[in-house]
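So the structure is just underneath, and the comments pick up after that.
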Amino acid sequence: WTGSILVFQILLLLVVTTTPCRADAEADGSGNEEAEPAEAVLYPFFILCLGIVAHCFLSRYAPWLPYTAVLFILGTLIGVGATRFENDNVLHKSIVDFWLPIDSELLLVAFLPGLVFSDASGQNTHLFRKAFWQCIVFAFPMVLAGTTLTALIAYYIFPYDWSFNLSMTFGSILAATDPVAVAALLDQVGAPPRLKVHIAGESLLNDGSAIVFFNIFSGLFLLELDVDGLGEDIDGPG
């Protein structure tokens, strides 16, 4: 726990020192109050406390409710409330001024390696070696199949008149699934360990394949736009 808290504090420090404050960016002499960088730490600790309270409440009074689904609903409500309602409290400033304008690549680089390492360190290495090739099939050909099926729905059913490469880009974004809720449910129902290894092992590998598919098809889509400097690293047709 001590190591986890230390890593979490380092990540928070990285985010706070590299994320531009919205209040600072919009301050143009109109009297806008600048937000303090220390306020950025308030929101993550509020979320941790909220998760602990929700877990204690559900385990005691409503064990039939899935914990991850409740967290998803709470997070959605917090996001809607922060963006739709104006408030001057410090928590609202922490969300709006620091965490909403955070750079997406920074968020990915800061938190995704820790999540992947956490899943990988908890794997049964013996079962993972036995199920390695099944996980490879799930993580690469099946992710491509899922990307294609989603792209076909976006291409033929959605009323947006997207090109096929843009539809494939959209499908690659949705292709990488996160089995946190499923893994928690499998633990509750006592599923076989090999099934859990298949699901968790595939989730460890599908992020990489989804990123590769996204880079390929987003580059092809940018090449379709015929704009100088966009998609030049992709060898398009012709």
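The way I read the labels, and the way they are meant: chains A, B, ... in the order of the structure tokens, residue 1 as the first residue of every chain, and ligand 1 as the first ligand shown, with later ones counted on from there.
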
Task: Test item: residues at most 8 Å from range 92-96 of chain A, only C-alpha atoms, excluding those fewer than 2 positions along its chain, as a list of chain:residue names - done: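 The residues that qualify are A:Arg22, A:Ala35, A:Glu39, A:Ala40, A:Val41, A:Leu42, A:Tyr43, A:Ala82, A:Thr83, A:Asn87, A:Asp88, A:Asn89, A:Val90, A:Phe98, A:Trp99, A:Leu100, A:Pro101.
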
Please dump the current selection as an mmCIF file, in the first residue's frame; keep C-alpha atoms.
```cif
data_model
loop_
_atom_site.group_PDB
_atom_site.id
_atom_site.type_symbol
_atom_site.label_atom_id
_atom_site.label_comp_id
_atom_site.auth_asym_id
_atom_site.auth_seq_id
_atom_site.Cartn_x
_atom_site.Cartn_y
_atom_site.Cartn_z
ATOM 1 C CA ARG A 22 -8.104 26.813 -17.503
ATOM 2 C CA ALA A 35 -6.881 28.597 -9.376
ATOM 3 C CA GLU A 39 -6.509 22.367 -5.845
ATOM 4 C CA ALA A 40 -5.838 19.772 -8.543
ATOM 5 C CA VAL A 41 -5.118 17.151 -5.868
ATOM 6 C CA LEU A 42 -8.554 17.575 -4.284
ATOM 7 C CA TYR A 43 -10.558 15.802 -6.982
ATOM 8 C CA ALA A 82 -19.406 19.703 -13.251
ATOM 9 C CA THR A 83 -20.049 20.655 -16.874
ATOM 10 C CA ASN A 87 -20.248 26.546 -8.801
ATOM 11 C CA ASP A 88 -17.573 28.424 -6.905
ATOM 12 C CA ASN A 89 -16.509 25.672 -4.515
ATOM 13 C CA VAL A 90 -12.979 24.325 -4.551
ATOM 14 C CA PHE A 98 -7.379 21.106 -13.994
ATOM 15 C CA TRP A 99 -8.928 17.765 -14.909
ATOM 16 C CA LEU A 100 -11.275 18.625 -17.768
ATOM 17 C CA PRO A 101 -8.590 20.362 -19.896
#
```

Task: Distance in Å - CA of Arg194 in chain A versus CA of Leu127 in chain A - done: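 Here the two named atoms are 6.5 Å from each other.
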
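The space separating CA of Ile102 in chain A from CA of Ser163 in chain A comes to 29.7 Å.
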
Open item on the list: Give me, as a ChimeraX atom specification, all polymer residues having an atom no more than 9 Å from range 172-174 of chain A, counting only C-alpha atoms and skipping those fewer than 4 positions away in the same chain.
Closed with: /A:143-144,146-148,150-151,167-168,209-214,217

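Among A:Leu65, A:Ile73, A:Ala154, A:Leu108, the residue with the shortest atom-to-atom distance to Gln188 in chain A, counting only C-alpha atoms, is A:Leu65.
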
TODO: List the neighbours of Asp207 in chain A out to 10 Å using only C-alpha atoms; skip same-chain residues closer than 6 positions along the sequence, and give me the result as a list in words.
DONE: Leu112, Val116, Ala139, Phe140, Val143, Ser172, Ile173, Ala175, Ala176, Thr177 and Asp178 of chain A

TODO: Per DSSP on the backbone, filter range 89-214 of chain A down to the residues in helix (DSSP H, G or I) and report them as a ChimeraX atom specification.
DONE: /A:90-99,104-121,125-130,132-139,141-156,164-175,180-189,193-214

- [ ] Take CA of Leu222 in chain A and CA of Pro141 in chain A and report the distance between them in Å, one decimal.
- [x]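 Pair CA of Leu222 in chain A / CA of Pro141 in chain A returns 24.4 Å.
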